[in-house]
$ cat entry-v2.csv   # CSV, C-alpha atoms
chain,number,residue,atom,x,y,z
A,1,ASN,CA,58.4,7.9,-7.2
A,2,ALA,CA,56.9,8.5,-3.8
A,3,GLY,CA,57.9,5.1,-2.2
A,4,VAL,CA,55.5,4.1,0.6
A,5,THR,CA,52.9,6.7,1.6
A,6,GLN,CA,51.0,6.5,4.8
A,7,THR,CA,48.0,8.6,5.8
A,8,PRO,CA,47.2,10.1,8.2
A,9,LYS,CA,50.4,11.0,10.1
A,10,PHE,CA,48.6,11.5,13.4
A,11,GLN,CA,45.1,10.5,14.6
A,12,VAL,CA,43.2,10.6,17.9
A,13,LEU,CA,40.3,8.2,18.3
A,14,LYS,CA,37.8,7.6,21.0
A,15,THR,CA,37.3,4.1,22.3
A,16,GLY,CA,35.0,2.2,20.1
A,17,GLN,CA,35.5,4.3,17.0
A,18,SER,CA,36.6,2.8,13.7
A,19,MET,CA,39.1,4.0,11.2
A,20,THR,CA,41.3,3.0,8.3
A,21,LEU,CA,45.0,3.7,8.1
A,22,GLN,CA,46.0,4.1,4.5
A,23,CYS,CA,49.1,2.7,2.8
A,24,ALA,CA,50.1,3.0,-0.8
A,25,GLN,CA,53.2,2.2,-2.7
A,26,ASP,CA,54.2,3.1,-6.3
A,27,MET,CA,57.1,0.7,-6.7
A,28,ASN,CA,55.0,-2.3,-7.9
A,29,HIS,CA,56.1,-4.3,-4.8
A,30,GLU,CA,54.3,-7.5,-4.3
A,31,TYR,CA,54.9,-7.9,-0.6
A,32,MET,CA,53.3,-5.4,1.9
A,33,SER,CA,53.0,-5.5,5.6
A,34,TRP,CA,51.8,-3.6,8.7
A,35,TYR,CA,53.8,-3.3,11.9
A,36,ARG,CA,53.0,-1.6,15.2
A,37,GLN,CA,55.8,-0.1,17.3
A,38,ASP,CA,55.4,0.2,21.0
A,39,PRO,CA,58.1,1.3,23.5
A,40,GLY,CA,60.4,-1.6,24.4
A,41,MET,CA,58.6,-4.0,22.1
A,42,GLY,CA,60.3,-3.4,18.8
A,43,LEU,CA,58.2,-3.8,15.6
A,44,ARG,CA,55.6,-6.4,15.7
A,45,LEU,CA,53.9,-7.7,12.6
A,46,ILE,CA,50.1,-7.3,12.4
A,47,HIS,CA,49.1,-8.5,8.9
A,48,TYR,CA,50.9,-9.0,5.7
A,49,SER,CA,50.2,-9.7,2.0
A,50,VAL,CA,52.2,-11.5,-0.6
A,51,GLY,CA,50.1,-10.1,-3.5
A,52,ALA,CA,46.8,-8.7,-4.5
A,53,GLY,CA,44.0,-10.8,-3.1
A,54,ILE,CA,46.2,-12.6,-0.5
A,55,THR,CA,46.5,-11.6,3.1
A,56,ASP,CA,47.6,-13.4,6.2
A,57,GLN,CA,48.0,-12.8,9.9
A,58,GLY,CA,51.1,-11.8,11.7
A,59,GLU,CA,52.1,-11.9,15.3
A,60,VAL,CA,49.4,-9.4,16.7
A,61,PRO,CA,46.4,-9.5,14.4
A,62,ASN,CA,43.5,-9.2,16.9
A,63,GLY,CA,41.4,-6.0,16.4
A,64,TYR,CA,42.7,-5.3,12.9
A,65,ASN,CA,41.5,-6.2,9.4
A,66,VAL,CA,43.2,-5.8,6.1
A,67,SER,CA,42.5,-6.3,2.4
A,68,ARG,CA,44.6,-6.1,-0.7
A,69,SER,CA,42.4,-5.4,-3.7
A,70,THR,CA,45.3,-3.8,-5.7
A,71,THR,CA,49.0,-4.2,-5.8
A,72,GLU,CA,49.4,-0.6,-4.7
A,73,ASP,CA,47.2,-0.3,-1.7
A,74,PHE,CA,47.1,-2.1,1.7
A,75,PRO,CA,44.7,-0.4,4.2
A,76,LEU,CA,44.6,-1.4,7.8
A,77,ARG,CA,41.2,-1.2,9.5
A,78,LEU,CA,40.5,-0.8,13.2
A,79,LEU,CA,36.9,-2.0,13.7
A,80,SER,CA,36.4,-0.8,17.3
A,81,ALA,CA,39.4,1.1,18.7
A,82,ALA,CA,40.8,0.3,22.1
A,83,PRO,CA,43.4,2.1,24.2
A,84,SER,CA,45.7,-0.9,23.8
A,85,GLN,CA,45.9,0.0,20.1
A,86,THR,CA,47.6,3.3,20.9
A,87,SER,CA,50.8,2.9,19.0
A,88,VAL,CA,52.9,4.0,16.0
A,89,TYR,CA,51.9,2.0,12.9
A,90,PHE,CA,54.3,1.4,10.0
A,91,CYS,CA,53.5,0.1,6.6
A,92,ALA,CA,56.3,-1.6,4.6
A,93,SER,CA,56.7,-3.1,1.2
A,94,SER,CA,59.3,-5.2,-0.6
A,95,PRO,CA,59.7,-6.5,-4.2
A,96,ALA,CA,59.4,-10.0,-5.4
A,97,THR,CA,63.1,-10.0,-6.4
A,98,GLY,CA,66.0,-7.7,-6.5
A,99,ALA,CA,68.7,-6.1,-4.4
A,100,TYR,CA,66.6,-4.2,-1.9
A,101,GLY,CA,64.4,-5.4,0.8
A,102,TYR,CA,61.8,-3.5,2.9
A,103,THR,CA,60.9,0.1,2.3
A,104,PHE,CA,59.0,1.7,5.3
A,105,GLY,CA,56.4,4.4,5.2
A,106,SER,CA,56.8,7.4,7.5
A,107,GLY,CA,54.3,6.0,10.1
A,108,THR,CA,51.0,6.9,11.7
A,109,ARG,CA,50.9,7.9,15.3
A,110,LEU,CA,47.5,6.7,16.7
A,111,THR,CA,46.2,7.6,20.1
A,112,VAL,CA,43.0,6.0,21.4
A,113,VAL,CA,41.4,7.7,24.4
B,1,GLY,CA,57.9,-18.9,14.4
B,2,GLU,CA,61.1,-16.9,14.4
B,3,ASN,CA,62.2,-15.3,17.6
B,4,VAL,CA,64.9,-12.5,17.5
B,5,GLU,CA,66.5,-11.4,20.7
B,6,GLN,CA,68.6,-8.3,21.1
B,7,HIS,CA,70.6,-7.4,24.1
B,8,PRO,CA,71.3,-5.1,25.9
B,9,SER,CA,68.4,-2.6,25.5
B,10,THR,CA,70.7,0.4,25.8
B,11,LEU,CA,74.4,1.1,25.0
B,12,SER,CA,76.4,4.2,25.7
B,13,VAL,CA,79.9,4.8,24.1
B,14,GLN,CA,82.3,7.6,23.9
B,15,GLU,CA,82.6,9.4,20.6
B,16,GLY,CA,85.3,7.7,18.5
B,17,ASP,CA,85.0,4.3,20.3
B,18,SER,CA,83.5,1.2,18.7
B,19,ALA,CA,80.0,-0.1,19.4
B,20,VAL,CA,78.9,-3.7,19.0
B,21,ILE,CA,75.3,-4.8,19.1
B,22,LYS,CA,74.4,-8.5,19.2
B,23,CYS,CA,71.3,-10.4,18.2
B,24,THR,CA,70.3,-14.1,18.3
B,25,TYR,CA,67.6,-15.8,16.2
B,26,SER,CA,65.9,-19.1,16.6
B,27,ASP,CA,64.7,-20.3,13.1
B,28,SER,CA,67.5,-22.2,11.3
B,29,ALA,CA,65.7,-21.5,8.0
B,30,SER,CA,66.3,-17.7,8.3
B,31,ASN,CA,68.7,-16.6,5.6
B,32,TYR,CA,68.5,-12.8,5.6
B,33,PHE,CA,69.5,-10.5,8.4
B,34,PRO,CA,69.1,-6.7,8.0
B,35,TRP,CA,69.9,-4.0,10.5
B,36,TYR,CA,67.7,-0.9,10.7
B,37,LYS,CA,68.5,2.5,12.3
B,38,GLN,CA,65.6,4.6,13.6
B,39,GLU,CA,66.1,8.2,14.6
B,40,LEU,CA,63.6,9.8,16.9
B,41,GLY,CA,60.3,10.3,15.2
B,42,LYS,CA,61.5,8.8,11.9
B,43,ARG,CA,60.9,5.6,10.0
B,44,PRO,CA,63.3,2.7,10.3
B,45,GLN,CA,66.0,2.9,7.7
B,46,LEU,CA,68.0,-0.1,6.4
B,47,ILE,CA,71.7,0.5,7.1
B,48,ILE,CA,73.2,-2.9,6.2
B,49,ASP,CA,72.2,-6.4,5.6
B,50,ILE,CA,73.7,-9.9,5.2
B,51,ARG,CA,72.6,-13.1,3.7
B,52,SER,CA,73.5,-16.5,5.2
B,53,ASN,CA,76.0,-17.4,2.5
B,54,VAL,CA,78.2,-14.5,3.7
B,55,GLY,CA,80.0,-14.4,7.0
B,56,GLU,CA,80.8,-10.7,7.1
B,57,LYS,CA,79.9,-7.5,5.2
B,58,LYS,CA,81.3,-4.0,5.5
B,59,ASP,CA,80.1,-0.6,4.5
B,60,GLN,CA,82.4,2.2,5.5
B,61,ARG,CA,82.2,2.5,9.3
B,62,ILE,CA,79.6,-0.3,9.8
B,63,ALA,CA,80.0,-4.0,9.5
B,64,VAL,CA,77.8,-7.0,10.2
B,65,THR,CA,79.0,-10.5,11.1
B,66,LEU,CA,77.0,-13.7,11.0
B,67,ASN,CA,77.5,-17.0,12.8
B,68,LYS,CA,74.9,-19.3,11.3
B,69,THR,CA,76.0,-22.3,13.5
B,70,ALA,CA,75.4,-20.3,16.7
B,71,LYS,CA,72.5,-18.4,15.3
B,72,HIS,CA,73.8,-15.0,16.1
B,73,PHE,CA,74.7,-11.9,14.2
B,74,SER,CA,76.3,-8.6,15.2
B,75,LEU,CA,76.5,-5.0,14.1
B,76,HIS,CA,79.8,-3.2,14.5
B,77,ILE,CA,80.2,0.5,14.3
B,78,THR,CA,83.7,2.0,14.4
B,79,GLU,CA,84.7,5.5,15.1
B,80,THR,CA,81.3,6.4,16.5
B,81,GLN,CA,79.9,9.9,16.0
B,82,PRO,CA,77.1,11.7,17.8
B,83,GLU,CA,74.9,11.2,14.7
B,84,ASP,CA,75.1,7.5,15.2
B,85,SER,CA,72.9,8.0,18.3
B,86,ALA,CA,69.6,6.2,17.5
B,87,VAL,CA,67.6,3.0,18.0
B,88,TYR,CA,69.0,0.0,16.1
B,89,PHE,CA,66.9,-3.0,15.2
B,90,CYS,CA,68.1,-6.3,14.0
B,91,ALA,CA,65.7,-8.6,12.1
B,92,ALA,CA,65.6,-11.9,10.4
B,93,SER,CA,63.6,-13.5,7.6
B,94,ARG,CA,63.9,-16.5,5.2
B,95,ASP,CA,64.5,-14.3,2.2
B,96,ARG,CA,65.2,-10.6,1.4
B,97,THR,CA,62.3,-10.3,-1.1
B,98,GLY,CA,59.0,-12.0,-2.0
B,99,ALA,CA,56.7,-14.3,-0.1
B,100,ASN,CA,59.4,-15.3,2.4
B,101,SER,CA,60.5,-11.8,3.2
B,102,LYS,CA,58.3,-11.5,6.4
B,103,LEU,CA,60.7,-9.9,8.9
B,104,THR,CA,60.8,-10.6,12.6
B,105,PHE,CA,62.4,-7.8,14.6
B,106,GLY,CA,64.3,-7.6,17.8
B,107,LYS,CA,63.2,-5.2,20.4
B,108,GLY,CA,65.8,-2.6,19.6
B,109,ILE,CA,68.8,-1.1,21.3
B,110,THR,CA,69.2,2.6,22.1
B,111,LEU,CA,72.7,3.7,21.2
B,112,SER,CA,74.0,6.9,22.8
B,113,VAL,CA,77.3,8.4,21.6
B,114,ARG,CA,78.7,10.8,24.2
B,115,PRO,CA,80.6,13.7,22.8
$ encode --input "entry-v2.csv" --output "structure tokens"
Amino acid sequence: NAGVTQTPKFQVLKTGQSMTLQCAQDMNHEYMSWYRQDPGMGLRLIHYSVGAGITDQGEVPNGYNVSRSTTEDFPLRLLSAAPSQTSVYFCASSPATGAYGYTFGSGTRLTVV
Amino acid sequence: GENVEQHPSTLSVQEGDSAVIKCTYSDSASNYFPWYKQELGKRPQLIIDIRSNVGEKKDQRIAVTLNKTAKHFSLHITETQPEDSAVYFCAASRDRTGANSKLTFGKGITLSVRP
């Protein structure tokens, strides 16, 4: 049971490039979300999904796309990277019911130059 | 939407003293209030949580209290140790799991425990 796995751990992009941050969970969690963490700003919700085929926007969705074709995977796409997207990105998942809430991935540190 | 505020942004205590971190929230429909600890370069880790039908919850040296009327909740750490030094985030959501588990986080507080 690997939990929530994020890849890559580090990435440097040039302005205008595109890339996909991967997130996979093996706990059969229905709910998945993406947060970005910036100094002094806490964790801000980008997009979330309540199940396969269902996604919705969070607090800071501009510049990011998501899809949820399977329960396990929830990739985050940057279509045209900008320096303002330099951040640490965390994926998290939670089950439909039960005693435990969010499980976070280990994060992806993205730098856009 | 929900707004969670956390003050102050930094807190320094002497080892062995107690630390109290306070948060306020705005959405009266919020029912679940977790606290996360994040060490440098690591992922946030859940340390304790409380649901709105409970006023206080303890787990060894940490406790959380909730005042639903005033819309604030606090984290209490007793007998602080250097390994308690980290960033602590409070958060709120309508439910712990499922479709209403979308968490809104505070901005975090950096706790430093002086040896």
$ closest_residue --input "entry-v2.csv" --among "A:Gly42, A:Gly105, A:Gly63, A:Gly58" --to "Met19 (chain A)" --atoms "all atoms listed in the file"
A:Gly63
$ closest_atom_pairs --input "entry-v2.csv" --of "chain B" --to "chain A" --cutoff "12 Å" --atoms "all atoms listed in the file" --output "Markdown table"
| residue | atom | partner | partner_atom | distance |
| --- | --- | --- | --- | --- |
| B:Gly1 | CA | A:Glu59 | CA | 9.1 |
| B:Glu2 | CA | A:Glu59 | CA | 10.3 |
| B:Asn3 | CA | A:Glu59 | CA | 10.9 |
| B:Val4 | CA | A:Gly42 | CA | 10.3 |
| B:Glu5 | CA | A:Gly42 | CA | 10.3 |
| B:Gln6 | CA | A:Gly42 | CA | 9.9 |
| B:His7 | CA | A:Gly40 | CA | 11.7 |
| B:Pro8 | CA | A:Gly40 | CA | 11.5 |
| B:Ser9 | CA | A:Gly40 | CA | 8.1 |
| B:Thr10 | CA | A:Gly40 | CA | 10.6 |
| B:Tyr32 | CA | A:Gly101 | CA | 9.7 |
| B:Phe33 | CA | A:Gly101 | CA | 10.5 |
| B:Pro34 | CA | A:Gly101 | CA | 8.7 |
| B:Trp35 | CA | A:Tyr102 | CA | 11.1 |
| B:Tyr36 | CA | A:Tyr102 | CA | 10.1 |
| B:Lys37 | CA | A:Phe104 | CA | 11.8 |
| B:Gln38 | CA | A:Gly42 | CA | 10.9 |
| B:Glu39 | CA | A:Ser106 | CA | 11.7 |
| B:Leu40 | CA | A:Ser106 | CA | 11.8 |
| B:Gly41 | CA | A:Ser106 | CA | 8.9 |
| B:Lys42 | CA | A:Ser106 | CA | 6.6 |
| B:Arg43 | CA | A:Ser106 | CA | 5.1 |
| B:Pro44 | CA | A:Phe104 | CA | 6.7 |
| B:Gln45 | CA | A:Phe104 | CA | 7.5 |
| B:Leu46 | CA | A:Tyr102 | CA | 7.9 |
| B:Ile47 | CA | A:Gly101 | CA | 11.3 |
| B:Ile48 | CA | A:Tyr100 | CA | 10.5 |
| B:Asp49 | CA | A:Gly101 | CA | 9.2 |
| B:Ile50 | CA | A:Gly101 | CA | 11.2 |
| B:Arg51 | CA | A:Ala99 | CA | 11.4 |
| B:Val87 | CA | A:Gly42 | CA | 9.7 |
| B:Tyr88 | CA | A:Gly42 | CA | 9.7 |
| B:Phe89 | CA | A:Gly42 | CA | 7.5 |
| B:Cys90 | CA | A:Gly42 | CA | 9.6 |
| B:Ala91 | CA | A:Leu43 | CA | 9.6 |
| B:Ala92 | CA | A:Gly101 | CA | 11.7 |
| B:Ser93 | CA | A:Gly101 | CA | 10.6 |
| B:Arg94 | CA | A:Gly101 | CA | 12.0 |
| B:Asp95 | CA | A:Gly101 | CA | 9.0 |
| B:Arg96 | CA | A:Gly101 | CA | 5.3 |
| B:Thr97 | CA | A:Ala96 | CA | 5.2 |
| B:Gly98 | CA | A:Ala96 | CA | 4.0 |
| B:Ala99 | CA | A:Val50 | CA | 5.3 |
| B:Asn100 | CA | A:Val50 | CA | 8.7 |
| B:Ser101 | CA | A:Ser94 | CA | 7.7 |
| B:Lys102 | CA | A:Tyr48 | CA | 7.8 |
| B:Leu103 | CA | A:Leu45 | CA | 8.0 |
| B:Thr104 | CA | A:Arg44 | CA | 7.4 |
| B:Phe105 | CA | A:Leu43 | CA | 5.9 |
| B:Gly106 | CA | A:Gly42 | CA | 5.9 |
| B:Lys107 | CA | A:Gly42 | CA | 3.8 |
| B:Gly108 | CA | A:Gly42 | CA | 5.6 |
| B:Ile109 | CA | A:Gly40 | CA | 9.0 |
| B:Thr110 | CA | A:Gly40 | CA | 10.0 |
$ write_last_selection --input "entry-v2.csv" --atoms "C-alpha atoms" --output "compact mmCIF listing (two decimals), in the coordinates of the input"
# COMPACT_ATOMS: atom_id res chain seq x y z
CA GLY B 1 57.90 -18.90 14.40
CA GLU B 2 61.10 -16.90 14.40
CA ASN B 3 62.20 -15.30 17.60
CA VAL B 4 64.90 -12.50 17.50
CA GLU B 5 66.50 -11.40 20.70
CA GLN B 6 68.60 -8.30 21.10
CA HIS B 7 70.60 -7.40 24.10
CA PRO B 8 71.30 -5.10 25.90
CA SER B 9 68.40 -2.60 25.50
CA THR B 10 70.70 0.40 25.80
CA TYR B 32 68.50 -12.80 5.60
CA PHE B 33 69.50 -10.50 8.40
CA PRO B 34 69.10 -6.70 8.00
CA TRP B 35 69.90 -4.00 10.50
CA TYR B 36 67.70 -0.90 10.70
CA LYS B 37 68.50 2.50 12.30
CA GLN B 38 65.60 4.60 13.60
CA GLU B 39 66.10 8.20 14.60
CA LEU B 40 63.60 9.80 16.90
CA GLY B 41 60.30 10.30 15.20
CA LYS B 42 61.50 8.80 11.90
CA ARG B 43 60.90 5.60 10.00
CA PRO B 44 63.30 2.70 10.30
CA GLN B 45 66.00 2.90 7.70
CA LEU B 46 68.00 -0.10 6.40
CA ILE B 47 71.70 0.50 7.10
CA ILE B 48 73.20 -2.90 6.20
CA ASP B 49 72.20 -6.40 5.60
CA ILE B 50 73.70 -9.90 5.20
CA ARG B 51 72.60 -13.10 3.70
CA VAL B 87 67.60 3.00 18.00
CA TYR B 88 69.00 0.00 16.10
CA PHE B 89 66.90 -3.00 15.20
CA CYS B 90 68.10 -6.30 14.00
CA ALA B 91 65.70 -8.60 12.10
CA ALA B 92 65.60 -11.90 10.40
CA SER B 93 63.60 -13.50 7.60
CA ARG B 94 63.90 -16.50 5.20
CA ASP B 95 64.50 -14.30 2.20
CA ARG B 96 65.20 -10.60 1.40
CA THR B 97 62.30 -10.30 -1.10
CA GLY B 98 59.00 -12.00 -2.00
CA ALA B 99 56.70 -14.30 -0.10
CA ASN B 100 59.40 -15.30 2.40
CA SER B 101 60.50 -11.80 3.20
CA LYS B 102 58.30 -11.50 6.40
CA LEU B 103 60.70 -9.90 8.90
CA THR B 104 60.80 -10.60 12.60
CA PHE B 105 62.40 -7.80 14.60
CA GLY B 106 64.30 -7.60 17.80
CA LYS B 107 63.20 -5.20 20.40
CA GLY B 108 65.80 -2.60 19.60
CA ILE B 109 68.80 -1.10 21.30
CA THR B 110 69.20 2.60 22.10
$ atom_distance --input "entry-v2.csv" --atom1 "CA of Cys23 (chain A)" --atom2 "CA of Ser84 (chain A)"
21.6 Å
$ residues_around --input "entry-v2.csv" --residues "Ser80 (chain A)" --least-positions-apart "5" --cutoff "12 Å" --atoms "only C-alpha atoms" --output "MDAnalysis selection string"
chainID A and resid 13:20 62:65 85 112
$ residues_around --input "entry-v2.csv" --residues "Asp73 (chain A)" --least-positions-apart "5" --cutoff "9 Å" --atoms "all atoms listed in the file" --output "PyMOL selection string"
chain A and resi 22-25+32+52+67-68
$ atom_distance --input "entry-v2.csv" --atom1 "CA of Gly53 (chain A)" --atom2 "CA of Gln6 (chain A)"
20.3 Å
$ atom_distance --input "entry-v2.csv" --atom1 "CA of Lys68 (chain B)" --atom2 "CA of Asn31 (chain B)"
8.8 Å
$ residues_around --input "entry-v2.csv" --residues "Thr108 (chain A)" --least-positions-apart "2" --cutoff "6 Å" --atoms "only C-alpha atoms" --output "JSON, numbers by chain"
{"A": [9, 10, 88, 89]}
$ residues_around --input "entry-v2.csv" --residues "Ala19 (chain B)" --least-positions-apart "2" --cutoff "7 Å" --atoms "only C-alpha atoms" --output "PDB file with C-alpha atoms, keeping the file's coordinate frame"
ATOM      1  CA  VAL B  13      79.900   4.800  24.100  1.00  0.00           C
ATOM      2  CA  ASP B  17      85.000   4.300  20.300  1.00  0.00           C
ATOM      3  CA  ILE B  21      75.300  -4.800  19.100  1.00  0.00           C
ATOM      4  CA  HIS B  76      79.800  -3.200  14.500  1.00  0.00           C
ATOM      5  CA  ILE B  77      80.200   0.500  14.300  1.00  0.00           C
ATOM      6  CA  THR B  78      83.700   2.000  14.400  1.00  0.00           C
TER       7      THR B  78
END
$ build_atoms --input "entry-v2.csv" --residues "region 75-93 of chain A" --atoms "N, CA, C and O atoms" --output "CSV table (one decimal), in the coordinates of the input"
chain,number,residue,atom,x,y,z
A,75,PRO,N,45.3,-1.1,3.0
A,75,PRO,CA,44.7,-0.4,4.2
A,75,PRO,C,44.6,-1.3,5.4
A,75,PRO,O,44.3,-2.5,5.3
A,76,LEU,N,44.7,-0.7,6.5
A,76,LEU,CA,44.6,-1.4,7.8
A,76,LEU,C,43.4,-0.8,8.5
A,76,LEU,O,43.3,0.4,8.8
A,77,ARG,N,42.4,-1.6,8.9
A,77,ARG,CA,41.2,-1.2,9.5
A,77,ARG,C,41.1,-1.6,11.0
A,77,ARG,O,41.4,-2.7,11.3
A,78,LEU,N,40.8,-0.6,11.8
A,78,LEU,CA,40.5,-0.8,13.2
A,78,LEU,C,39.0,-0.8,13.3
A,78,LEU,O,38.4,0.3,13.1
A,79,LEU,N,38.4,-1.9,13.7
A,79,LEU,CA,36.9,-2.0,13.7
A,79,LEU,C,36.3,-1.3,14.9
A,79,LEU,O,35.3,-0.6,14.8
A,80,SER,N,36.9,-1.4,16.1
A,80,SER,CA,36.4,-0.8,17.3
A,80,SER,C,37.7,-0.5,18.2
A,80,SER,O,38.2,-1.4,18.9
A,81,ALA,N,38.2,0.7,18.1
A,81,ALA,CA,39.4,1.1,18.7
A,81,ALA,C,39.4,0.9,20.2
A,81,ALA,O,38.4,1.2,20.9
A,82,ALA,N,40.6,0.4,20.7
A,82,ALA,CA,40.8,0.3,22.1
A,82,ALA,C,42.1,1.0,22.5
A,82,ALA,O,43.0,1.1,21.7
A,83,PRO,N,42.1,1.4,23.8
A,83,PRO,CA,43.4,2.1,24.2
A,83,PRO,C,44.6,1.3,24.0
A,83,PRO,O,45.7,1.9,23.8
A,84,SER,N,44.5,0.0,24.0
A,84,SER,CA,45.7,-0.9,23.8
A,84,SER,C,46.2,-0.8,22.3
A,84,SER,O,47.3,-1.3,22.0
A,85,GLN,N,45.4,-0.2,21.5
A,85,GLN,CA,45.9,0.0,20.1
A,85,GLN,C,46.6,1.4,19.9
A,85,GLN,O,47.0,1.7,18.8
A,86,THR,N,46.8,2.1,21.0
A,86,THR,CA,47.6,3.3,20.9
A,86,THR,C,49.0,2.9,20.5
A,86,THR,O,49.6,2.1,21.3
A,87,SER,N,49.5,3.4,19.4
A,87,SER,CA,50.8,2.9,19.0
A,87,SER,C,51.2,3.7,17.8
A,87,SER,O,50.5,4.6,17.3
A,88,VAL,N,52.4,3.5,17.3
A,88,VAL,CA,52.9,4.0,16.0
A,88,VAL,C,52.8,2.8,15.0
A,88,VAL,O,53.4,1.8,15.2
A,89,TYR,N,52.2,3.1,13.9
A,89,TYR,CA,51.9,2.0,12.9
A,89,TYR,C,52.8,2.3,11.6
A,89,TYR,O,52.8,3.4,11.1
A,90,PHE,N,53.5,1.3,11.2
A,90,PHE,CA,54.3,1.4,10.0
A,90,PHE,C,53.9,0.4,9.0
A,90,PHE,O,53.6,-0.8,9.3
A,91,CYS,N,53.8,0.9,7.7
A,91,CYS,CA,53.5,0.1,6.6
A,91,CYS,C,54.9,-0.1,5.9
A,91,CYS,O,55.7,0.8,5.9
A,92,ALA,N,55.1,-1.3,5.3
A,92,ALA,CA,56.3,-1.6,4.6
A,92,ALA,C,56.0,-2.4,3.4
A,92,ALA,O,55.0,-3.2,3.3
A,93,SER,N,56.9,-2.3,2.4
A,93,SER,CA,56.7,-3.1,1.2
A,93,SER,C,58.1,-3.6,0.7
A,93,SER,O,59.1,-3.0,1.0
